[in-house]
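Visitor: Sharing start-v2.cif, mmCIF, N, CA and C atoms:
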data_entry
loop_
_atom_site.label_atom_id
_atom_site.label_comp_id
_atom_site.auth_asym_id
_atom_site.auth_seq_id
_atom_site.Cartn_x
_atom_site.Cartn_y
_atom_site.Cartn_z
N MET A 1 0.84 -1.18 0.00
CA MET A 1 0.00 0.00 0.00
C MET A 1 0.89 1.25 0.00
N THR A 2 0.53 2.22 -0.79
CA THR A 2 1.29 3.46 -0.90
C THR A 2 0.93 4.41 0.23
N ASP A 3 1.97 5.04 0.80
CA ASP A 3 1.72 6.06 1.83
C ASP A 3 1.11 7.27 1.17
N LEU A 4 0.10 7.84 1.80
CA LEU A 4 -0.59 9.00 1.26
C LEU A 4 -0.08 10.26 1.94
N PRO A 5 -0.03 11.37 1.20
CA PRO A 5 0.37 12.64 1.83
C PRO A 5 -0.62 13.01 2.93
N PRO A 6 -0.18 13.79 3.95
CA PRO A 6 -1.09 14.21 5.02
C PRO A 6 -2.32 14.92 4.45
N GLY A 7 -3.48 14.57 4.98
CA GLY A 7 -4.73 15.22 4.54
C GLY A 7 -5.33 14.63 3.28
N PHE A 8 -4.66 13.68 2.64
CA PHE A 8 -5.18 13.10 1.40
C PHE A 8 -6.21 12.03 1.74
N GLU A 9 -7.32 12.06 1.05
CA GLU A 9 -8.40 11.10 1.27
C GLU A 9 -8.34 9.98 0.25
N LYS A 10 -8.55 8.74 0.68
CA LYS A 10 -8.66 7.62 -0.25
C LYS A 10 -10.08 7.54 -0.82
N ARG A 11 -11.02 8.20 -0.17
CA ARG A 11 -12.42 8.09 -0.60
C ARG A 11 -12.61 8.68 -1.98
N ARG A 12 -13.55 8.08 -2.73
CA ARG A 12 -13.88 8.59 -4.06
C ARG A 12 -14.85 9.76 -3.99
N PHE A 13 -15.58 9.90 -2.87
CA PHE A 13 -16.59 10.94 -2.73
C PHE A 13 -16.34 11.75 -1.47
N VAL A 14 -16.71 13.00 -1.49
CA VAL A 14 -16.61 13.85 -0.30
C VAL A 14 -17.54 13.30 0.76
N ARG A 15 -17.01 13.14 1.98
CA ARG A 15 -17.84 12.70 3.10
C ARG A 15 -18.06 13.90 4.00
N LEU A 16 -19.31 14.19 4.29
CA LEU A 16 -19.67 15.40 5.02
C LEU A 16 -20.21 15.06 6.40
N PRO A 17 -19.57 15.57 7.47
CA PRO A 17 -20.13 15.34 8.81
C PRO A 17 -21.54 15.93 8.92
N CYS A 18 -22.44 15.22 9.55
CA CYS A 18 -23.82 15.69 9.71
C CYS A 18 -23.87 17.00 10.49
N ALA A 19 -22.89 17.25 11.36
CA ALA A 19 -22.88 18.48 12.15
C ALA A 19 -22.72 19.72 11.28
N PHE A 20 -22.28 19.56 10.02
CA PHE A 20 -22.19 20.71 9.11
C PHE A 20 -23.57 21.23 8.76
N ASP A 21 -24.57 20.38 8.86
CA ASP A 21 -25.94 20.76 8.55
C ASP A 21 -26.57 21.33 9.81
N PRO A 22 -26.99 22.61 9.78
CA PRO A 22 -27.54 23.24 11.00
C PRO A 22 -28.71 22.47 11.62
N ARG A 23 -29.46 21.74 10.83
CA ARG A 23 -30.60 20.97 11.38
C ARG A 23 -30.12 19.86 12.31
N TYR A 24 -28.87 19.41 12.15
CA TYR A 24 -28.40 18.26 12.91
C TYR A 24 -27.31 18.62 13.91
N LYS A 25 -27.13 19.90 14.22
CA LYS A 25 -26.09 20.30 15.18
C LYS A 25 -26.40 19.77 16.59
N GLU A 26 -27.67 19.79 16.96
CA GLU A 26 -28.05 19.34 18.31
C GLU A 26 -28.30 17.84 18.38
N GLN A 27 -28.87 17.28 17.34
CA GLN A 27 -29.23 15.86 17.35
C GLN A 27 -29.00 15.27 15.97
N ALA A 28 -28.05 14.34 15.88
CA ALA A 28 -27.77 13.69 14.61
C ALA A 28 -28.91 12.75 14.24
N PRO A 29 -29.12 12.54 12.94
CA PRO A 29 -30.21 11.65 12.52
C PRO A 29 -29.94 10.19 12.94
N PRO A 30 -31.01 9.47 13.25
CA PRO A 30 -30.85 8.05 13.56
C PRO A 30 -30.62 7.23 12.29
N ILE A 31 -30.01 6.08 12.45
CA ILE A 31 -29.81 5.14 11.35
C ILE A 31 -30.12 3.74 11.87
N THR A 32 -30.79 2.95 11.07
CA THR A 32 -31.08 1.56 11.40
C THR A 32 -30.15 0.69 10.55
N VAL A 33 -29.48 -0.24 11.21
CA VAL A 33 -28.50 -1.10 10.54
C VAL A 33 -28.89 -2.55 10.78
N ARG A 34 -28.90 -3.31 9.70
CA ARG A 34 -29.23 -4.73 9.81
C ARG A 34 -28.08 -5.56 9.22
N VAL A 35 -27.58 -6.48 10.05
CA VAL A 35 -26.55 -7.42 9.62
C VAL A 35 -27.09 -8.81 9.93
N ALA A 36 -27.22 -9.63 8.90
CA ALA A 36 -27.84 -10.95 9.03
C ALA A 36 -29.24 -10.76 9.62
N GLU A 37 -29.51 -11.35 10.75
CA GLU A 37 -30.85 -11.24 11.38
C GLU A 37 -30.85 -10.24 12.53
N ARG A 38 -29.77 -9.51 12.71
CA ARG A 38 -29.64 -8.59 13.84
C ARG A 38 -29.83 -7.14 13.38
N THR A 39 -30.73 -6.43 14.04
CA THR A 39 -30.99 -5.03 13.71
C THR A 39 -30.62 -4.15 14.91
N SER A 40 -29.90 -3.05 14.62
CA SER A 40 -29.50 -2.10 15.66
C SER A 40 -29.80 -0.69 15.20
N THR A 41 -30.02 0.21 16.15
CA THR A 41 -30.23 1.61 15.83
C THR A 41 -29.06 2.40 16.39
N GLY A 42 -28.55 3.32 15.55
CA GLY A 42 -27.43 4.14 15.95
C GLY A 42 -27.62 5.58 15.52
N THR A 43 -26.52 6.31 15.44
CA THR A 43 -26.54 7.72 15.09
C THR A 43 -25.67 7.95 13.86
N LEU A 44 -26.25 8.57 12.86
CA LEU A 44 -25.53 8.91 11.64
C LEU A 44 -24.54 10.02 11.96
N THR A 45 -23.28 9.86 11.56
CA THR A 45 -22.28 10.89 11.84
C THR A 45 -21.81 11.61 10.60
N ASP A 46 -21.75 10.90 9.47
CA ASP A 46 -21.36 11.56 8.22
C ASP A 46 -21.93 10.79 7.04
N VAL A 47 -21.99 11.50 5.92
CA VAL A 47 -22.65 10.93 4.75
C VAL A 47 -21.94 11.37 3.48
N SER A 48 -21.94 10.50 2.49
CA SER A 48 -21.44 10.83 1.16
C SER A 48 -22.26 10.04 0.15
N VAL A 49 -21.99 10.28 -1.10
CA VAL A 49 -22.69 9.54 -2.15
C VAL A 49 -22.25 8.08 -2.13
N GLY A 50 -21.06 7.80 -1.61
CA GLY A 50 -20.52 6.45 -1.64
C GLY A 50 -20.61 5.66 -0.35
N GLY A 51 -21.10 6.30 0.74
CA GLY A 51 -21.19 5.57 1.99
C GLY A 51 -21.57 6.46 3.15
N VAL A 52 -21.61 5.87 4.34
CA VAL A 52 -21.99 6.60 5.55
C VAL A 52 -21.10 6.18 6.72
N GLY A 53 -21.02 7.08 7.69
CA GLY A 53 -20.39 6.78 8.96
C GLY A 53 -21.44 6.88 10.05
N PHE A 54 -21.34 6.04 11.05
CA PHE A 54 -22.33 6.05 12.14
C PHE A 54 -21.72 5.45 13.39
N VAL A 55 -22.39 5.68 14.51
CA VAL A 55 -22.01 5.09 15.79
C VAL A 55 -23.13 4.15 16.20
N LEU A 56 -22.74 2.94 16.57
CA LEU A 56 -23.68 1.90 16.99
C LEU A 56 -23.31 1.39 18.38
N PRO A 57 -24.27 0.80 19.10
CA PRO A 57 -23.94 0.20 20.40
C PRO A 57 -23.40 -1.22 20.27
N VAL A 58 -23.24 -1.72 19.05
CA VAL A 58 -22.71 -3.07 18.83
C VAL A 58 -21.56 -3.01 17.83
N LYS A 59 -20.63 -3.96 17.97
CA LYS A 59 -19.50 -4.03 17.06
C LYS A 59 -19.88 -4.87 15.85
N LEU A 60 -19.59 -4.35 14.65
CA LEU A 60 -19.81 -5.10 13.42
C LEU A 60 -18.46 -5.58 12.90
N GLU A 61 -18.46 -6.73 12.29
CA GLU A 61 -17.23 -7.28 11.74
C GLU A 61 -16.86 -6.57 10.45
N LYS A 62 -15.58 -6.24 10.32
CA LYS A 62 -15.07 -5.63 9.09
C LYS A 62 -15.38 -6.56 7.92
N ASN A 63 -15.78 -5.98 6.80
CA ASN A 63 -16.12 -6.67 5.56
C ASN A 63 -17.46 -7.41 5.61
N SER A 64 -18.21 -7.27 6.71
CA SER A 64 -19.54 -7.88 6.73
C SER A 64 -20.50 -7.04 5.90
N GLU A 65 -21.53 -7.69 5.38
CA GLU A 65 -22.54 -6.99 4.59
C GLU A 65 -23.62 -6.47 5.52
N ALA A 66 -24.11 -5.26 5.24
CA ALA A 66 -25.13 -4.65 6.09
C ALA A 66 -26.13 -3.89 5.23
N GLU A 67 -27.33 -3.76 5.76
CA GLU A 67 -28.36 -2.92 5.16
C GLU A 67 -28.57 -1.74 6.10
N VAL A 68 -28.71 -0.54 5.54
CA VAL A 68 -28.94 0.65 6.36
C VAL A 68 -30.16 1.41 5.84
N VAL A 69 -30.82 2.08 6.77
CA VAL A 69 -31.95 2.95 6.44
C VAL A 69 -31.81 4.20 7.30
N PHE A 70 -31.89 5.38 6.64
CA PHE A 70 -31.84 6.65 7.36
C PHE A 70 -32.59 7.70 6.56
N ARG A 71 -32.91 8.82 7.22
CA ARG A 71 -33.65 9.92 6.59
C ARG A 71 -32.84 11.21 6.70
N LEU A 72 -32.88 11.98 5.61
CA LEU A 72 -32.25 13.29 5.58
C LEU A 72 -33.21 14.28 4.94
N GLN A 73 -32.87 15.54 5.00
CA GLN A 73 -33.73 16.57 4.42
C GLN A 73 -32.87 17.59 3.68
N ILE A 74 -33.27 17.91 2.46
CA ILE A 74 -32.58 18.93 1.67
C ILE A 74 -33.30 20.24 1.88
N LYS A 75 -32.65 21.16 2.59
CA LYS A 75 -33.19 22.49 2.88
C LYS A 75 -34.65 22.41 3.29
N ASP A 76 -35.56 23.09 2.55
CA ASP A 76 -36.97 23.14 2.95
C ASP A 76 -37.82 22.04 2.33
N ALA A 77 -37.20 21.11 1.62
CA ALA A 77 -37.94 20.02 0.98
C ALA A 77 -38.37 18.99 2.03
N ASP A 78 -39.28 18.11 1.63
CA ASP A 78 -39.67 17.02 2.51
C ASP A 78 -38.49 16.09 2.75
N PRO A 79 -38.40 15.49 3.93
CA PRO A 79 -37.33 14.53 4.19
C PRO A 79 -37.42 13.36 3.21
N PHE A 80 -36.28 12.76 2.92
CA PHE A 80 -36.26 11.59 2.06
C PHE A 80 -35.55 10.45 2.79
N GLU A 81 -35.96 9.23 2.46
CA GLU A 81 -35.38 8.05 3.09
C GLU A 81 -34.38 7.40 2.14
N VAL A 82 -33.30 6.91 2.72
CA VAL A 82 -32.30 6.18 1.96
C VAL A 82 -32.23 4.78 2.54
N ALA A 83 -32.35 3.80 1.67
CA ALA A 83 -32.16 2.40 2.03
C ALA A 83 -31.08 1.85 1.11
N ALA A 84 -30.02 1.32 1.69
CA ALA A 84 -28.90 0.86 0.88
C ALA A 84 -28.25 -0.36 1.52
N ARG A 85 -27.47 -1.05 0.72
CA ARG A 85 -26.65 -2.16 1.19
C ARG A 85 -25.19 -1.75 1.06
N GLY A 86 -24.37 -2.32 1.91
CA GLY A 86 -22.96 -1.98 1.83
C GLY A 86 -22.08 -2.95 2.58
N ILE A 87 -20.79 -2.63 2.56
CA ILE A 87 -19.76 -3.42 3.23
C ILE A 87 -19.17 -2.59 4.36
N VAL A 88 -19.07 -3.19 5.54
CA VAL A 88 -18.45 -2.52 6.69
C VAL A 88 -16.95 -2.42 6.41
N ARG A 89 -16.44 -1.20 6.35
CA ARG A 89 -15.01 -0.97 6.07
C ARG A 89 -14.19 -0.80 7.33
N HIS A 90 -14.82 -0.31 8.40
CA HIS A 90 -14.13 -0.24 9.69
C HIS A 90 -15.17 -0.17 10.79
N CYS A 91 -14.76 -0.61 11.99
CA CYS A 91 -15.62 -0.54 13.17
C CYS A 91 -14.68 -0.53 14.37
N VAL A 92 -14.58 0.64 15.01
CA VAL A 92 -13.63 0.82 16.11
C VAL A 92 -14.34 1.41 17.33
N PRO A 93 -13.84 1.12 18.53
CA PRO A 93 -14.44 1.71 19.72
C PRO A 93 -14.43 3.24 19.63
N SER A 94 -15.50 3.85 20.16
CA SER A 94 -15.64 5.31 20.05
C SER A 94 -16.18 5.91 21.33
N GLY A 95 -15.38 6.71 21.99
CA GLY A 95 -15.84 7.53 23.10
C GLY A 95 -16.42 6.83 24.30
N GLY A 96 -16.08 5.62 24.56
CA GLY A 96 -16.57 4.98 25.76
C GLY A 96 -17.08 3.58 25.50
N ALA A 97 -17.47 2.93 26.58
CA ALA A 97 -17.93 1.55 26.49
C ALA A 97 -19.23 1.45 25.71
N GLY A 98 -19.28 0.48 24.83
CA GLY A 98 -20.52 0.20 24.12
C GLY A 98 -20.83 1.11 22.95
N ALA A 99 -19.84 1.81 22.41
CA ALA A 99 -20.07 2.65 21.24
C ALA A 99 -18.99 2.34 20.21
N TYR A 100 -19.41 2.13 18.97
CA TYR A 100 -18.48 1.77 17.91
C TYR A 100 -18.68 2.66 16.69
N ARG A 101 -17.62 3.33 16.30
CA ARG A 101 -17.62 4.18 15.11
C ARG A 101 -17.43 3.27 13.91
N THR A 102 -18.40 3.31 12.99
CA THR A 102 -18.46 2.36 11.88
C THR A 102 -18.54 3.10 10.55
N GLY A 103 -17.81 2.59 9.57
CA GLY A 103 -17.87 3.14 8.21
C GLY A 103 -18.40 2.09 7.26
N LEU A 104 -19.34 2.48 6.42
CA LEU A 104 -19.97 1.56 5.47
C LEU A 104 -19.85 2.12 4.07
N GLU A 105 -19.34 1.32 3.16
CA GLU A 105 -19.28 1.70 1.75
C GLU A 105 -20.48 1.09 1.04
N PHE A 106 -21.24 1.92 0.33
CA PHE A 106 -22.41 1.41 -0.39
C PHE A 106 -21.99 0.47 -1.51
N THR A 107 -22.71 -0.64 -1.63
CA THR A 107 -22.54 -1.54 -2.76
C THR A 107 -23.80 -1.61 -3.61
N SER A 108 -24.92 -1.23 -3.02
CA SER A 108 -26.19 -1.24 -3.73
C SER A 108 -27.08 -0.14 -3.16
N ILE A 109 -27.41 0.83 -4.02
CA ILE A 109 -28.27 1.93 -3.61
C ILE A 109 -29.08 2.36 -4.83
N ASP A 110 -30.34 2.68 -4.60
CA ASP A 110 -31.21 3.16 -5.67
C ASP A 110 -30.61 4.43 -6.28
N LYS A 111 -30.58 4.51 -7.60
CA LYS A 111 -29.98 5.66 -8.28
C LYS A 111 -30.65 6.97 -7.86
N GLY A 112 -31.96 6.97 -7.71
CA GLY A 112 -32.67 8.18 -7.28
C GLY A 112 -32.27 8.62 -5.89
N GLU A 113 -32.10 7.66 -4.98
CA GLU A 113 -31.67 7.99 -3.62
C GLU A 113 -30.23 8.48 -3.62
N GLN A 114 -29.38 7.91 -4.47
CA GLN A 114 -28.00 8.36 -4.57
C GLN A 114 -27.93 9.78 -5.11
N GLU A 115 -28.79 10.10 -6.06
CA GLU A 115 -28.84 11.47 -6.59
C GLU A 115 -29.29 12.46 -5.52
N LYS A 116 -30.28 12.06 -4.70
CA LYS A 116 -30.71 12.94 -3.60
C LYS A 116 -29.59 13.15 -2.59
N LEU A 117 -28.81 12.08 -2.33
CA LEU A 117 -27.66 12.23 -1.43
C LEU A 117 -26.66 13.25 -1.99
N ALA A 118 -26.43 13.19 -3.29
CA ALA A 118 -25.50 14.14 -3.93
C ALA A 118 -26.01 15.57 -3.76
N VAL A 119 -27.30 15.77 -3.97
CA VAL A 119 -27.90 17.11 -3.81
C VAL A 119 -27.79 17.53 -2.35
N TYR A 120 -28.04 16.61 -1.42
CA TYR A 120 -27.94 16.93 0.01
C TYR A 120 -26.53 17.40 0.35
N VAL A 121 -25.51 16.65 -0.06
CA VAL A 121 -24.13 17.00 0.25
C VAL A 121 -23.79 18.37 -0.35
N GLU A 122 -24.16 18.58 -1.60
CA GLU A 122 -23.89 19.87 -2.25
C GLU A 122 -24.62 21.02 -1.56
N SER A 123 -25.80 20.75 -1.00
CA SER A 123 -26.60 21.81 -0.40
C SER A 123 -25.98 22.38 0.87
N ILE A 124 -25.09 21.62 1.52
CA ILE A 124 -24.49 22.13 2.75
C ILE A 124 -23.00 22.38 2.62
N LEU A 125 -22.45 22.19 1.47
CA LEU A 125 -21.03 22.52 1.29
C LEU A 125 -20.83 24.01 1.16
#
Rewrite the coordinates I just gave you, this time as structure tokens.
Guide:
Amino acid sequence: MTDLPPGFEKRRFVRLPCAFDPRYKEQAPPITVRVAERTSTGTLTDVSVGGVGFVLPVKLEKNSEAEVVFRLQIKDADPFEVAARGIVRHCVPSGGAGAYRTGLEFTSIDKGEQEKLAVYVESIL
């Protein structure tokens, strides 16, 4: 693996922390995550066209397949729901016992929902 210069991102898409959006400064949006037959609810921390970051109360195995569902809102428009499948790229302890910072790369997402995510990210940049 090649060493990357400081500040260089390997991601193909800009990932935007939810706290950048004034609607989510006080309370981040919830996310539902399903792996096999196990469903957990966590907090969405960042979003991009290619994946999401979230905190869950359970540890997920790296490279496991997961389904996620979350809702976002573009400015004054009605909220929209995103349902996608992806691969867990990392899952590390976060800020105390029972919290895991998790990154998921989308492998299957509806094109319309992906386009709304792109508009959402652009709307708060």
Visitor: For a quick check of understanding, using all atoms listed in the file, which of A:Tyr100, A:Ile124, A:Cys18, A:Leu60 has the smallest distance to Ile74 of chain A?
Guide: A:Ile124
Visitor: Ranking A:Gly86, A:Pro17, A:Gly112, A:Pro30 by minimum distance to Glu65 of chain A and counting only N, CA and C atoms, which one comes first?
Guide: A:Gly86
Visitor: Name the residues captured by the PyMOL selection byres ((chain A and resi 84) around 6) when it is applied to the shown file; answer as a ChimeraX atom specification.
Guide: /A:66-69,82-83,85-86,108-110
Visitor: Please determine, counting all atoms listed in the file, which residue among A:Glu113, A:Gly42, A:Ala118, A:Thr107 has the shortest atom-to-atom distance to Glu81 of chain A.
Guide: A:Glu113
Visitor: Which polymer residues have any atom within 6 Å of an atom of Thr41 of chain A, counting all atoms listed in the file, with same-chain residues fewer than 2 positions away left out, as a ChimeraX atom specification?
Guide: /A:31-33,39,43,56-57
Visitor: Which residues, written as a list in words, have at least one atom at most 6 Å from Arg89 of chain A, with only C-alpha atoms counted and residues fewer than 2 positions away on the same chain left out?
Guide: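 Once the nearby chain positions are removed, what remains is Lys62, Asn63, Gly103 and Leu104 of chain A.
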Visitor: Just the number, please: distance in Å from atom CA of His90 of chain A to atom CA of Val119 of chain A, one decimal.
Guide: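 Spanning atom CA of His90 of chain A to atom CA of Val119 of chain A is a straight-line distance of 25.9 Å.
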Visitor: Which residues come within 7 Å of Thr45 of chain A, counting only N, CA and C atoms, excluding same-chain residues fewer than 2 positions away, as a list in words?
Guide: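 Final neighbour list, sorted by chain and number: Leu16, Pro17, Cys18, Ala19, Ala28, Pro29, Thr43, Val47, Val52, Gly53, Phe54 and Val55 of chain A.
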Visitor: Env of Pro93 of chain A: 8 Å cut, atoms = all atoms listed in the file, seq-sep filter 5 positions within chain, self excluded. Answer as a list in words.
Guide: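 Neighbouring residues, sequence-local ones excluded: Lys59, Gly98, Ala99, Tyr100, Arg101 and Thr102 of chain A.
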Visitor: Step one, run DSSP on the backbone; step two, keep only residues of chain A assigned to helix (DSSP H, G or I); then write them as a list in words.
Guide: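 Secondary structure check on chain A, helix (DSSP H, G or I): Cys18, Ala19, Phe20, Pro22, Arg23, Tyr24, Lys111, Gly112, Glu113, Gln114, Glu115, Lys116, Leu117, Ala118, Val119, Tyr120, Val121, Glu122, Ser123 and Ile124 of chain A.
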